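File shown: target.tsv. Contents: TSV, C-alpha atoms.
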```
chain	number	residue	atom	x	y	z
S	1	ALA	CA	0.00	0.00	0.00
S	2	VAL	CA	2.87	2.36	0.80
S	3	VAL	CA	4.52	1.72	-2.57
S	4	ARG	CA	1.24	2.23	-4.43
S	5	ALA	CA	0.54	5.53	-2.70
S	6	THR	CA	4.11	6.73	-3.16
S	7	VAL	CA	4.14	5.97	-6.88
S	8	ARG	CA	0.90	7.86	-7.41
S	9	ASP	CA	2.06	10.83	-5.34
S	10	LYS	CA	5.53	10.99	-6.88
S	11	SER	CA	4.12	10.69	-10.40
S	12	GLU	CA	3.00	14.29	-9.89
S	13	SER	CA	5.86	15.75	-7.84
S	14	SER	CA	8.94	13.69	-8.80
S	15	LEU	CA	8.51	11.70	-12.00
S	16	SER	CA	11.98	10.12	-11.99
S	17	VAL	CA	11.48	8.73	-8.47
S	18	ALA	CA	8.04	7.37	-9.37
S	19	LYS	CA	9.42	5.76	-12.51
S	20	PHE	CA	12.19	4.06	-10.54
S	21	LEU	CA	9.79	2.82	-7.84
S	22	ASN	CA	7.37	1.46	-10.42
S	23	GLN	CA	10.12	-0.46	-12.20
S	24	ALA	CA	11.58	-1.73	-8.93
S	25	PHE	CA	8.20	-2.90	-7.64
S	26	ALA	CA	7.54	-4.70	-10.92
S	27	VAL	CA	10.78	-6.65	-10.55
S	28	PHE	CA	10.00	-7.32	-6.87
S	29	ALA	CA	6.49	-8.60	-7.66
S	30	ARG	CA	7.84	-10.80	-10.46
S	31	ASP	CA	10.46	-12.32	-8.16
S	32	LEU	CA	7.92	-12.86	-5.36
S	33	LEU	CA	6.23	-15.43	-7.58
S	34	ASP	CA	9.22	-17.68	-6.90
S	35	VAL	CA	8.86	-17.63	-3.13
S	36	LEU	CA	5.24	-16.95	-2.17
S	37	GLU	CA	1.87	-18.48	-2.97
S	38	ARG	CA	1.00	-17.25	-6.44
S	39	SER	CA	-2.63	-16.40	-5.59
S	40	PHE	CA	-1.38	-13.99	-2.90
S	41	VAL	CA	1.08	-12.35	-5.31
S	42	PHE	CA	-1.58	-12.15	-8.03
S	43	GLU	CA	-3.83	-10.23	-5.62
S	44	ARG	CA	-1.04	-7.75	-4.88
S	45	ILE	CA	-0.35	-7.35	-8.61
S	46	ASN	CA	-4.02	-6.70	-9.31
S	47	ASP	CA	-4.25	-4.19	-6.45
S	48	TYR	CA	-1.23	-2.30	-7.78
S	49	VAL	CA	-2.53	-2.17	-11.35
S	50	ARG	CA	-5.87	-0.85	-10.07
S	51	THR	CA	-3.94	1.84	-8.19
S	52	LEU	CA	-2.54	2.99	-11.52
S	53	ASP	CA	-5.95	3.53	-13.04
S	54	ALA	CA	-5.42	6.96	-14.48
S	55	ASP	CA	-7.04	10.13	-13.28
S	56	ALA	CA	-7.74	13.01	-15.63
S	57	GLU	CA	-4.62	14.99	-14.76
S	58	ARG	CA	-2.04	12.20	-14.94
S	59	VAL	CA	-3.56	9.91	-17.52
S	60	MET	CA	-0.50	9.29	-19.69
S	61	THR	CA	2.04	9.02	-16.86
S	62	LEU	CA	0.04	6.37	-15.01
S	63	GLN	CA	-0.75	4.48	-18.22
S	64	VAL	CA	2.97	4.29	-18.99
S	65	PHE	CA	3.64	3.02	-15.46
S	66	LYS	CA	0.87	0.44	-15.73
S	67	PHE	CA	2.04	-1.11	-18.99
S	68	THR	CA	5.69	-0.95	-17.92
S	69	PHE	CA	4.74	-2.84	-14.76
S	70	LEU	CA	2.79	-5.48	-16.69
S	71	ARG	CA	5.59	-5.94	-19.22
S	72	VAL	CA	8.15	-6.57	-16.46
S	73	VAL	CA	5.96	-8.93	-14.40
S	74	CYS	CA	5.18	-10.99	-17.49
S	75	THR	CA	8.88	-11.57	-18.18
S	76	HIS	CA	8.94	-14.17	-15.39
S	77	ALA	CA	10.77	-17.23	-16.72
S	78	ASP	CA	7.84	-19.45	-15.72
S	79	TYR	CA	5.12	-17.10	-16.96
S	80	VAL	CA	3.47	-19.90	-18.94
S	81	PRO	CA	3.33	-22.53	-16.13
S	82	LEU	CA	2.16	-19.81	-13.73
S	83	SER	CA	-0.60	-18.80	-16.11
S	84	TYR	CA	-2.28	-22.01	-17.17
S	85	ALA	CA	-3.70	-24.84	-15.18
S	86	VAL	CA	-6.49	-26.97	-16.60
S	87	ALA	CA	-7.60	-27.35	-20.18
S	88	PRO	CA	-9.64	-24.30	-21.20
S	89	THR	CA	-13.41	-24.51	-20.96
S	90	PHE	CA	-16.18	-21.93	-21.04
S	91	ALA	CA	-19.89	-22.01	-20.41
S	92	SER	CA	-20.88	-19.64	-23.20
S	93	ALA	CA	-19.44	-17.08	-25.58
S	94	HIS	CA	-20.78	-14.34	-23.31
S	95	THR	CA	-18.80	-15.48	-20.26
S	96	LEU	CA	-15.64	-16.42	-22.14
S	97	ALA	CA	-13.42	-13.56	-20.91
S	98	LEU	CA	-14.36	-14.06	-17.25
S	99	ASP	CA	-14.01	-17.84	-17.43
S	100	PHE	CA	-10.54	-17.59	-18.91
S	101	TRP	CA	-9.39	-14.86	-16.53
S	102	ARG	CA	-10.25	-17.09	-13.55
S	103	ARG	CA	-7.91	-19.76	-14.93
S	104	HIS	CA	-5.15	-17.61	-16.43
S	105	PHE	CA	-4.62	-14.57	-14.23
S	106	LEU	CA	-1.66	-12.81	-15.85
S	107	PRO	CA	-2.82	-13.14	-19.49
S	108	GLY	CA	-6.32	-12.24	-18.31
S	109	LEU	CA	-5.04	-9.09	-16.62
S	110	VAL	CA	-3.15	-8.07	-19.75
S	111	LEU	CA	-6.21	-8.66	-21.92
S	112	HIS	CA	-8.38	-6.72	-19.47
S	113	GLU	CA	-6.08	-3.72	-19.83
S	114	VAL	CA	-6.00	-4.15	-23.61
S	115	ALA	CA	-9.80	-4.09	-23.61
S	116	ARG	CA	-9.81	-0.90	-21.56
S	117	ALA	CA	-7.35	0.66	-23.98
S	118	PHE	CA	-9.62	-0.32	-26.88
S	119	ILE	CA	-12.52	1.48	-25.22
S	120	ALA	CA	-10.47	4.61	-24.46
S	121	HIS	CA	-8.64	4.76	-27.80
S	122	ARG	CA	-10.38	7.97	-28.90
S	123	THR	CA	-8.90	9.89	-25.99
S	124	SER	CA	-5.60	8.02	-25.62
S	125	HIS	CA	-3.99	6.63	-28.75
S	126	ALA	CA	-0.73	6.23	-26.85
S	127	ALA	CA	-2.34	3.92	-24.26
S	128	LEU	CA	-3.74	1.77	-27.07
S	129	THR	CA	-0.31	1.53	-28.68
S	130	MET	CA	1.31	0.55	-25.36
S	131	ALA	CA	-1.35	-2.08	-24.66
S	132	LEU	CA	-1.00	-3.66	-28.10
S	133	ASP	CA	2.78	-3.57	-27.79
S	134	VAL	CA	2.73	-5.44	-24.46
S	135	LEU	CA	0.45	-8.11	-25.94
S	136	ALA	CA	2.49	-8.43	-29.14
S	137	SER	CA	5.70	-8.70	-27.11
S	138	LEU	CA	4.25	-11.57	-25.08
S	139	LEU	CA	3.15	-13.47	-28.18
S	140	ARG	CA	6.52	-12.87	-29.83
S	141	ALA	CA	8.29	-14.21	-26.73
S	142	HIS	CA	6.21	-17.40	-26.91
S	143	ASP	CA	7.23	-17.86	-30.54
S	144	LEU	CA	10.90	-17.48	-29.63
S	145	ASP	CA	10.81	-19.70	-26.53
S	146	ALA	CA	12.67	-22.89	-27.47
S	147	ARG	CA	10.98	-24.79	-24.64
S	148	TYR	CA	7.70	-24.83	-26.55
S	149	ALA	CA	8.82	-24.61	-30.17
S	150	GLU	CA	8.36	-28.31	-30.95
S	151	HIS	CA	5.32	-29.00	-28.76
S	152	ASP	CA	2.18	-28.10	-30.69
S	153	ASP	CA	-0.10	-29.16	-27.84
S	154	VAL	CA	1.62	-26.81	-25.41
S	155	ARG	CA	1.59	-23.97	-27.94
S	156	ALA	CA	-2.16	-24.54	-28.36
S	157	ARG	CA	-2.66	-24.25	-24.61
S	158	ILE	CA	-0.58	-21.07	-24.54
S	159	ALA	CA	-2.67	-19.59	-27.34
S	160	ALA	CA	-5.83	-20.58	-25.46
S	161	MET	CA	-4.81	-18.31	-22.58
S	162	TYR	CA	-5.28	-15.40	-24.98
S	163	PHE	CA	-8.45	-16.65	-26.66
S	164	PRO	CA	-10.70	-13.92	-25.15
S	165	TYR	CA	-8.76	-11.54	-27.38
S	166	VAL	CA	-10.66	-12.99	-30.34
S	167	PRO	CA	-14.16	-11.77	-29.35
S	168	LEU	CA	-12.58	-8.59	-27.99
S	169	VAL	CA	-11.35	-7.73	-31.48
S	170	LEU	CA	-14.46	-8.97	-33.25
S	171	ASP	CA	-16.73	-6.76	-31.16
S	172	ARG	CA	-14.68	-3.73	-32.21
S	173	VAL	CA	-13.60	-4.61	-35.72
S	174	ALA	CA	-15.49	-1.63	-37.16
S	175	LEU	CA	-13.52	0.71	-34.90
S	176	ILE	CA	-10.21	-0.92	-35.79
S	177	THR	CA	-10.59	0.16	-39.41
S	178	ASP	CA	-10.26	3.78	-38.23
S	179	TRP	CA	-7.11	3.25	-36.17
S	180	ARG	CA	-3.63	4.27	-37.11
S	181	GLN	CA	-2.11	1.74	-39.46
S	182	VAL	CA	0.54	0.56	-37.01
S	183	ASP	CA	-2.06	-0.10	-34.29
S	184	ARG	CA	-4.47	-1.78	-36.69
S	185	ARG	CA	-1.83	-4.15	-38.04
S	186	ARG	CA	-0.54	-5.02	-34.57
S	187	ALA	CA	-4.06	-5.75	-33.31
S	188	LEU	CA	-4.82	-7.98	-36.28
S	189	LEU	CA	-1.46	-9.73	-36.12
S	190	SER	CA	-2.17	-10.74	-32.52
S	191	LEU	CA	-5.61	-11.97	-33.56
S	192	VAL	CA	-4.15	-14.13	-36.33
S	193	TRP	CA	-1.50	-15.47	-33.93
S	194	VAL	CA	-4.15	-16.72	-31.52
S	195	LEU	CA	-6.29	-18.24	-34.27
S	196	ARG	CA	-3.29	-19.93	-35.89
S	197	ASN	CA	-1.98	-21.52	-32.69
S	198	VAL	CA	-5.11	-22.40	-30.72
S	199	SER	CA	-6.46	-25.95	-30.92
S	200	ARG	CA	-9.08	-26.77	-33.53
S	201	SER	CA	-11.29	-28.31	-30.84
S	202	LEU	CA	-11.42	-25.04	-28.91
S	203	LEU	CA	-12.24	-23.16	-32.10
S	204	ARG	CA	-15.07	-25.58	-32.88
S	205	ARG	CA	-16.53	-25.25	-29.39
S	206	TRP	CA	-16.40	-21.48	-29.58
S	207	TRP	CA	-17.84	-21.41	-33.10
S	208	ALA	CA	-20.75	-23.65	-32.07
S	209	CYS	CA	-21.95	-21.25	-29.36
S	210	GLU	CA	-20.99	-17.97	-31.02
S	211	THR	CA	-23.43	-15.44	-32.45
S	212	GLN	CA	-23.85	-14.88	-36.16
S	213	THR	CA	-22.76	-11.28	-35.67
S	214	ARG	CA	-19.36	-12.34	-34.36
S	215	VAL	CA	-18.95	-15.00	-37.04
S	216	LEU	CA	-19.46	-12.33	-39.69
S	217	ALA	CA	-17.11	-10.03	-37.78
S	218	LEU	CA	-14.45	-12.74	-37.90
S	219	LEU	CA	-14.69	-12.88	-41.70
S	220	HIS	CA	-14.48	-9.07	-41.77
S	221	ALA	CA	-11.42	-9.10	-39.51
S	222	LEU	CA	-9.64	-11.69	-41.65
S	223	ARG	CA	-10.34	-9.69	-44.81
S	224	LEU	CA	-9.07	-6.57	-43.06
S	225	ALA	CA	-5.93	-8.45	-42.00
S	226	MET	CA	-5.24	-9.55	-45.57
S	227	LYS	CA	-5.73	-5.99	-46.79
S	228	SER	CA	-3.49	-4.61	-44.05
S	229	TRP	CA	-0.67	-6.90	-45.14
S	230	SER	CA	-0.82	-5.99	-48.80
S	231	SER	CA	2.51	-4.98	-50.34
S	232	ASP	CA	1.61	-1.31	-50.25
S	233	ASP	CA	0.65	-1.43	-46.57
S	234	LEU	CA	3.85	-3.28	-45.67
S	235	SER	CA	5.92	-0.67	-47.45
S	236	ASP	CA	4.12	2.14	-45.66
S	237	ALA	CA	4.50	0.42	-42.30
S	238	ALA	CA	8.21	-0.11	-42.87
S	239	ALA	CA	8.62	3.53	-43.76
S	240	ALA	CA	6.72	4.55	-40.61
S	241	THR	CA	9.06	2.52	-38.40
```

Structure re-expressed in structure tokens:
Amino acid sequence: AVVRATVRDKSESSLSVAKFLNQAFAVFARDLLDVLERSFVFERINDYVRTLDADAERVMTLQVFKFTFLRVVCTHADYVPLSYAVAPTFASAHTLALDFWRRHFLPGLVLHEVARAFIAHRTSHAALTMALDVLASLLRAHDLDARYAEHDDVRARIAAMYFPYVPLVLDRVALITDWRQVDRRRALLSLVWVLRNVSRSLLRRWWACETQTRVLALLHALRLAMKSWSSDDLSDAAAAT
């Protein structure tokens, strides 16, 4: 509680001190997962992230702190074993995000913050970019992790931890068309990553209980992804970076 209050207070009066404390607490929380009960540490992580919910005057500073904190915590060497337990199940398409978050806390927390950034994108493009960057970095790290490279079943379970991202994107696919190109392509790339790696059985179960609106949105999203990766778009994106 002291660290949370200090970071918020110093984010206004002494930014460099607040930045250091935020980074240090992220490393501390990540390392605590090695020595304490993970449910206890997860509660502290969630409390801290909620503390960084931005107010009107310090919106960008606290958003930067929040996504920096999440990025560091999720670099834990055993992030995947810490994040998944049983095979993914869900009662309905409407409860999918909550069902998955109960089973996969860290990916669920990241996706929750991504969803909030989606909603607030009109007032904070930078927060949206940071959220998508954290998610893309996690997925890229999974691709590069040699421990899972040759185990398709494990990769499918990893992808399943992020499956709520699929309906998240589909519900907002019309908005995504109006985003900056770099954000649109990153959002769609993460969508395709999940769809490509998740198990076919999970896809079938989701498809069977999904609404026609979301099924049509999926086709729209895939067409948008193909368009976004046309040769002209790739050239423009390369020039932008």

Proximity to Asp178 of chain S - best of S:Ala225, S:Arg122, S:Leu135, S:Leu82, all atoms listed in the file: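 Among the listed residues, S:Arg122 lies closest to Asp178 of chain S.
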
Closest of S:Ser124, S:Pro164, S:Val64, S:Val73 to His112 of chain S - atom-to-atom distances counting only C-alpha atoms: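 Answer, going by the shortest atom-to-atom distance: S:Pro164.
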
For atom CA of Ala146 of chain S and atom CA of Met130 of chain S, the interatomic separation in Å (one decimal):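 Atom CA of Met130 of chain S lies 26.1 Å from atom CA of Ala146 of chain S.
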
Please list, as a PDB file with C-alpha atoms, keeping the file's coordinate frame, the residues that have an atom at most 9 Å away from (1.9, -10.5, -30.2) in the coordinates of this file, counting all atoms listed in the file.
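And here is the file that came out, part.pdb:
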```
ATOM      1  CA  LEU S 132      -1.000  -3.660 -28.100  1.00  0.00           C
ATOM      2  CA  ASP S 133       2.780  -3.570 -27.790  1.00  0.00           C
ATOM      3  CA  VAL S 134       2.730  -5.440 -24.460  1.00  0.00           C
ATOM      4  CA  LEU S 135       0.450  -8.110 -25.940  1.00  0.00           C
ATOM      5  CA  ALA S 136       2.490  -8.430 -29.140  1.00  0.00           C
ATOM      6  CA  SER S 137       5.700  -8.700 -27.110  1.00  0.00           C
ATOM      7  CA  LEU S 138       4.250 -11.570 -25.080  1.00  0.00           C
ATOM      8  CA  LEU S 139       3.150 -13.470 -28.180  1.00  0.00           C
ATOM      9  CA  ARG S 140       6.520 -12.870 -29.830  1.00  0.00           C
ATOM     10  CA  ALA S 141       8.290 -14.210 -26.730  1.00  0.00           C
ATOM     11  CA  HIS S 142       6.210 -17.400 -26.910  1.00  0.00           C
ATOM     12  CA  ARG S 186      -0.540  -5.020 -34.570  1.00  0.00           C
ATOM     13  CA  ALA S 187      -4.060  -5.750 -33.310  1.00  0.00           C
ATOM     14  CA  LEU S 189      -1.460  -9.730 -36.120  1.00  0.00           C
ATOM     15  CA  SER S 190      -2.170 -10.740 -32.520  1.00  0.00           C
ATOM     16  CA  LEU S 191      -5.610 -11.970 -33.560  1.00  0.00           C
ATOM     17  CA  TRP S 193      -1.500 -15.470 -33.930  1.00  0.00           C
ATOM     18  CA  VAL S 194      -4.150 -16.720 -31.520  1.00  0.00           C
TER      19      VAL S 194
END
```

Contact residues around segment 222-224 of chain S with only C-alpha atoms at 10 Å, ignoring same-chain residues under 4 positions, as a list of chain:residue names: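 Using only C-alpha atoms, the neighbours found are S:Val173, S:Ile176, S:Thr177, S:Arg184, S:Arg185, S:Leu188, S:Leu191, S:Val192, S:Ala217, S:Leu218, S:Ser228, S:Trp229.
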
Using C-alpha atoms, can you export the residues from the last selection as a PDB file, in the frame of the given file?
```
ATOM      1  CA  VAL S 173     -13.600  -4.610 -35.720  1.00  0.00           C
ATOM      2  CA  ILE S 176     -10.210  -0.920 -35.790  1.00  0.00           C
ATOM      3  CA  THR S 177     -10.590   0.160 -39.410  1.00  0.00           C
ATOM      4  CA  ARG S 184      -4.470  -1.780 -36.690  1.00  0.00           C
ATOM      5  CA  ARG S 185      -1.830  -4.150 -38.040  1.00  0.00           C
ATOM      6  CA  LEU S 188      -4.820  -7.980 -36.280  1.00  0.00           C
ATOM      7  CA  LEU S 191      -5.610 -11.970 -33.560  1.00  0.00           C
ATOM      8  CA  VAL S 192      -4.150 -14.130 -36.330  1.00  0.00           C
ATOM      9  CA  ALA S 217     -17.110 -10.030 -37.780  1.00  0.00           C
ATOM     10  CA  LEU S 218     -14.450 -12.740 -37.900  1.00  0.00           C
ATOM     11  CA  SER S 228      -3.490  -4.610 -44.050  1.00  0.00           C
ATOM     12  CA  TRP S 229      -0.670  -6.900 -45.140  1.00  0.00           C
TER      13      TRP S 229
END
```

Could you build a table of the residues in segment 101-174 of chain S lying no more than 8 Å from segment 31-55 of chain S, giving for each the nearest pair of atoms and their separation in Å rounded to one decimal place, using only C-alpha atoms, ordered by chain and ascending residue number, as a tab-separated table?
```
residue	atom	partner	partner_atom	distance
S:Phe105	CA	S:Phe42	CA	7.3
S:Leu106	CA	S:Phe42	CA	7.8
S:Leu109	CA	S:Asn46	CA	7.8
```

Length of the atom CA of Pro167 of chain S to atom CA of Glu150 of chain S vector [Å]: 28.0 Å

Contacts of Met161 of chain S at 8 Å (all atoms listed in the file; same-chain gap of 3+ positions) as a list of chain:residue names: S:Ser83, S:Tyr84, S:Pro88, S:Phe100, S:His104, S:Pro107, S:Gly108, S:Arg157, S:Ile158, S:Pro164

Writer output for current selection, C-alpha atoms, as a PDB file, keeping the file's coordinate frame:
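That gives us again18.pdb:
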```
ATOM      1  CA  SER S  83      -0.600 -18.800 -16.110  1.00  0.00           C
ATOM      2  CA  TYR S  84      -2.280 -22.010 -17.170  1.00  0.00           C
ATOM      3  CA  PRO S  88      -9.640 -24.300 -21.200  1.00  0.00           C
ATOM      4  CA  PHE S 100     -10.540 -17.590 -18.910  1.00  0.00           C
ATOM      5  CA  HIS S 104      -5.150 -17.610 -16.430  1.00  0.00           C
ATOM      6  CA  PRO S 107      -2.820 -13.140 -19.490  1.00  0.00           C
ATOM      7  CA  GLY S 108      -6.320 -12.240 -18.310  1.00  0.00           C
ATOM      8  CA  ARG S 157      -2.660 -24.250 -24.610  1.00  0.00           C
ATOM      9  CA  ILE S 158      -0.580 -21.070 -24.540  1.00  0.00           C
ATOM     10  CA  PRO S 164     -10.700 -13.920 -25.150  1.00  0.00           C
TER      11      PRO S 164
END
```

How would segment 100-130 of chain S look with N, CA and C atoms restored, written as a PDB file, in the coordinates of the input?
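As a result, out38.pdb now contains:
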```pdb
ATOM      1  N   PHE S 100     -11.961 -17.440 -18.650  1.00  0.00           N
ATOM      2  CA  PHE S 100     -10.540 -17.590 -18.910  1.00  0.00           C
ATOM      3  C   PHE S 100      -9.696 -16.826 -17.900  1.00  0.00           C
ATOM      4  N   TRP S 101     -10.163 -15.657 -17.488  1.00  0.00           N
ATOM      5  CA  TRP S 101      -9.390 -14.860 -16.530  1.00  0.00           C
ATOM      6  C   TRP S 101      -9.269 -15.596 -15.200  1.00  0.00           C
ATOM      7  N   ARG S 102     -10.306 -16.318 -14.791  1.00  0.00           N
ATOM      8  CA  ARG S 102     -10.250 -17.090 -13.550  1.00  0.00           C
ATOM      9  C   ARG S 102      -9.160 -18.150 -13.591  1.00  0.00           C
ATOM     10  N   ARG S 103      -8.888 -18.674 -14.788  1.00  0.00           N
ATOM     11  CA  ARG S 103      -7.910 -19.760 -14.930  1.00  0.00           C
ATOM     12  C   ARG S 103      -6.515 -19.246 -15.261  1.00  0.00           C
ATOM     13  N   HIS S 104      -6.438 -18.108 -15.914  1.00  0.00           N
ATOM     14  CA  HIS S 104      -5.150 -17.610 -16.430  1.00  0.00           C
ATOM     15  C   HIS S 104      -5.002 -16.140 -16.030  1.00  0.00           C
ATOM     16  N   PHE S 105      -4.549 -15.923 -14.782  1.00  0.00           N
ATOM     17  CA  PHE S 105      -4.620 -14.570 -14.230  1.00  0.00           C
ATOM     18  C   PHE S 105      -3.795 -13.550 -15.007  1.00  0.00           C
ATOM     19  N   LEU S 106      -2.512 -13.817 -15.225  1.00  0.00           N
ATOM     20  CA  LEU S 106      -1.660 -12.810 -15.850  1.00  0.00           C
ATOM     21  C   LEU S 106      -2.092 -12.482 -17.285  1.00  0.00           C
ATOM     22  N   PRO S 107      -2.308 -13.483 -18.165  1.00  0.00           N
ATOM     23  CA  PRO S 107      -2.820 -13.140 -19.490  1.00  0.00           C
ATOM     24  C   PRO S 107      -4.179 -12.444 -19.415  1.00  0.00           C
ATOM     25  N   GLY S 108      -5.013 -12.873 -18.457  1.00  0.00           N
ATOM     26  CA  GLY S 108      -6.320 -12.240 -18.310  1.00  0.00           C
ATOM     27  C   GLY S 108      -6.209 -10.785 -17.910  1.00  0.00           C
ATOM     28  N   LEU S 109      -5.249 -10.471 -17.034  1.00  0.00           N
ATOM     29  CA  LEU S 109      -5.040  -9.090 -16.620  1.00  0.00           C
ATOM     30  C   LEU S 109      -4.557  -8.247 -17.794  1.00  0.00           C
ATOM     31  N   VAL S 110      -3.625  -8.791 -18.565  1.00  0.00           N
ATOM     32  CA  VAL S 110      -3.150  -8.070 -19.750  1.00  0.00           C
ATOM     33  C   VAL S 110      -4.297  -7.809 -20.724  1.00  0.00           C
ATOM     34  N   LEU S 111      -5.108  -8.832 -20.986  1.00  0.00           N
ATOM     35  CA  LEU S 111      -6.210  -8.660 -21.920  1.00  0.00           C
ATOM     36  C   LEU S 111      -7.259  -7.685 -21.382  1.00  0.00           C
ATOM     37  N   HIS S 112      -7.451  -7.684 -20.070  1.00  0.00           N
ATOM     38  CA  HIS S 112      -8.380  -6.720 -19.470  1.00  0.00           C
ATOM     39  C   HIS S 112      -7.907  -5.294 -19.745  1.00  0.00           C
ATOM     40  N   GLU S 113      -6.608  -5.059 -19.590  1.00  0.00           N
ATOM     41  CA  GLU S 113      -6.080  -3.720 -19.830  1.00  0.00           C
ATOM     42  C   GLU S 113      -6.080  -3.383 -21.328  1.00  0.00           C
ATOM     43  N   VAL S 114      -5.878  -4.380 -22.164  1.00  0.00           N
ATOM     44  CA  VAL S 114      -6.000  -4.150 -23.610  1.00  0.00           C
ATOM     45  C   VAL S 114      -7.431  -3.746 -23.948  1.00  0.00           C
ATOM     46  N   ALA S 115      -8.398  -4.424 -23.359  1.00  0.00           N
ATOM     47  CA  ALA S 115      -9.800  -4.090 -23.610  1.00  0.00           C
ATOM     48  C   ALA S 115     -10.118  -2.668 -23.174  1.00  0.00           C
ATOM     49  N   ARG S 116      -9.583  -2.264 -22.036  1.00  0.00           N
ATOM     50  CA  ARG S 116      -9.810  -0.900 -21.560  1.00  0.00           C
ATOM     51  C   ARG S 116      -9.167   0.116 -22.507  1.00  0.00           C
ATOM     52  N   ALA S 117      -8.011  -0.237 -23.034  1.00  0.00           N
ATOM     53  CA  ALA S 117      -7.350   0.660 -23.980  1.00  0.00           C
ATOM     54  C   ALA S 117      -8.148   0.764 -25.284  1.00  0.00           C
ATOM     55  N   PHE S 118      -8.753  -0.355 -25.696  1.00  0.00           N
ATOM     56  CA  PHE S 118      -9.620  -0.320 -26.880  1.00  0.00           C
ATOM     57  C   PHE S 118     -10.754   0.678 -26.688  1.00  0.00           C
ATOM     58  N   ILE S 119     -11.378   0.618 -25.509  1.00  0.00           N
ATOM     59  CA  ILE S 119     -12.520   1.480 -25.220  1.00  0.00           C
ATOM     60  C   ILE S 119     -12.119   2.949 -25.185  1.00  0.00           C
ATOM     61  N   ALA S 120     -10.917   3.217 -24.647  1.00  0.00           N
ATOM     62  CA  ALA S 120     -10.470   4.610 -24.460  1.00  0.00           C
ATOM     63  C   ALA S 120      -9.621   5.126 -25.617  1.00  0.00           C
ATOM     64  N   HIS S 121      -9.591   4.405 -26.745  1.00  0.00           N
ATOM     65  CA  HIS S 121      -8.640   4.760 -27.800  1.00  0.00           C
ATOM     66  C   HIS S 121      -8.872   6.151 -28.371  1.00  0.00           C
ATOM     67  N   ARG S 122     -10.103   6.649 -28.326  1.00  0.00           N
ATOM     68  CA  ARG S 122     -10.380   7.970 -28.900  1.00  0.00           C
ATOM     69  C   ARG S 122      -9.727   9.088 -28.112  1.00  0.00           C
ATOM     70  N   THR S 123      -9.517   8.857 -26.826  1.00  0.00           N
ATOM     71  CA  THR S 123      -8.900   9.890 -25.990  1.00  0.00           C
ATOM     72  C   THR S 123      -7.445   9.596 -25.668  1.00  0.00           C
ATOM     73  N   SER S 124      -6.990   8.380 -25.950  1.00  0.00           N
ATOM     74  CA  SER S 124      -5.600   8.020 -25.620  1.00  0.00           C
ATOM     75  C   SER S 124      -5.059   7.013 -26.616  1.00  0.00           C
ATOM     76  N   HIS S 125      -4.599   7.519 -27.763  1.00  0.00           N
ATOM     77  CA  HIS S 125      -3.990   6.630 -28.750  1.00  0.00           C
ATOM     78  C   HIS S 125      -2.721   5.993 -28.200  1.00  0.00           C
ATOM     79  N   ALA S 126      -1.984   6.749 -27.382  1.00  0.00           N
ATOM     80  CA  ALA S 126      -0.730   6.230 -26.850  1.00  0.00           C
ATOM     81  C   ALA S 126      -0.967   5.020 -25.947  1.00  0.00           C
ATOM     82  N   ALA S 127      -2.023   5.059 -25.135  1.00  0.00           N
ATOM     83  CA  ALA S 127      -2.340   3.920 -24.260  1.00  0.00           C
ATOM     84  C   ALA S 127      -2.676   2.690 -25.098  1.00  0.00           C
ATOM     85  N   LEU S 128      -3.412   2.888 -26.180  1.00  0.00           N
ATOM     86  CA  LEU S 128      -3.740   1.770 -27.070  1.00  0.00           C
ATOM     87  C   LEU S 128      -2.471   1.171 -27.657  1.00  0.00           C
ATOM     88  N   THR S 129      -1.565   2.014 -28.104  1.00  0.00           N
ATOM     89  CA  THR S 129      -0.310   1.530 -28.680  1.00  0.00           C
ATOM     90  C   THR S 129       0.498   0.743 -27.656  1.00  0.00           C
ATOM     91  N   MET S 130       0.566   1.253 -26.415  1.00  0.00           N
ATOM     92  CA  MET S 130       1.310   0.550 -25.360  1.00  0.00           C
ATOM     93  C   MET S 130       0.667  -0.806 -25.051  1.00  0.00           C
TER      94      MET S 130
END
```
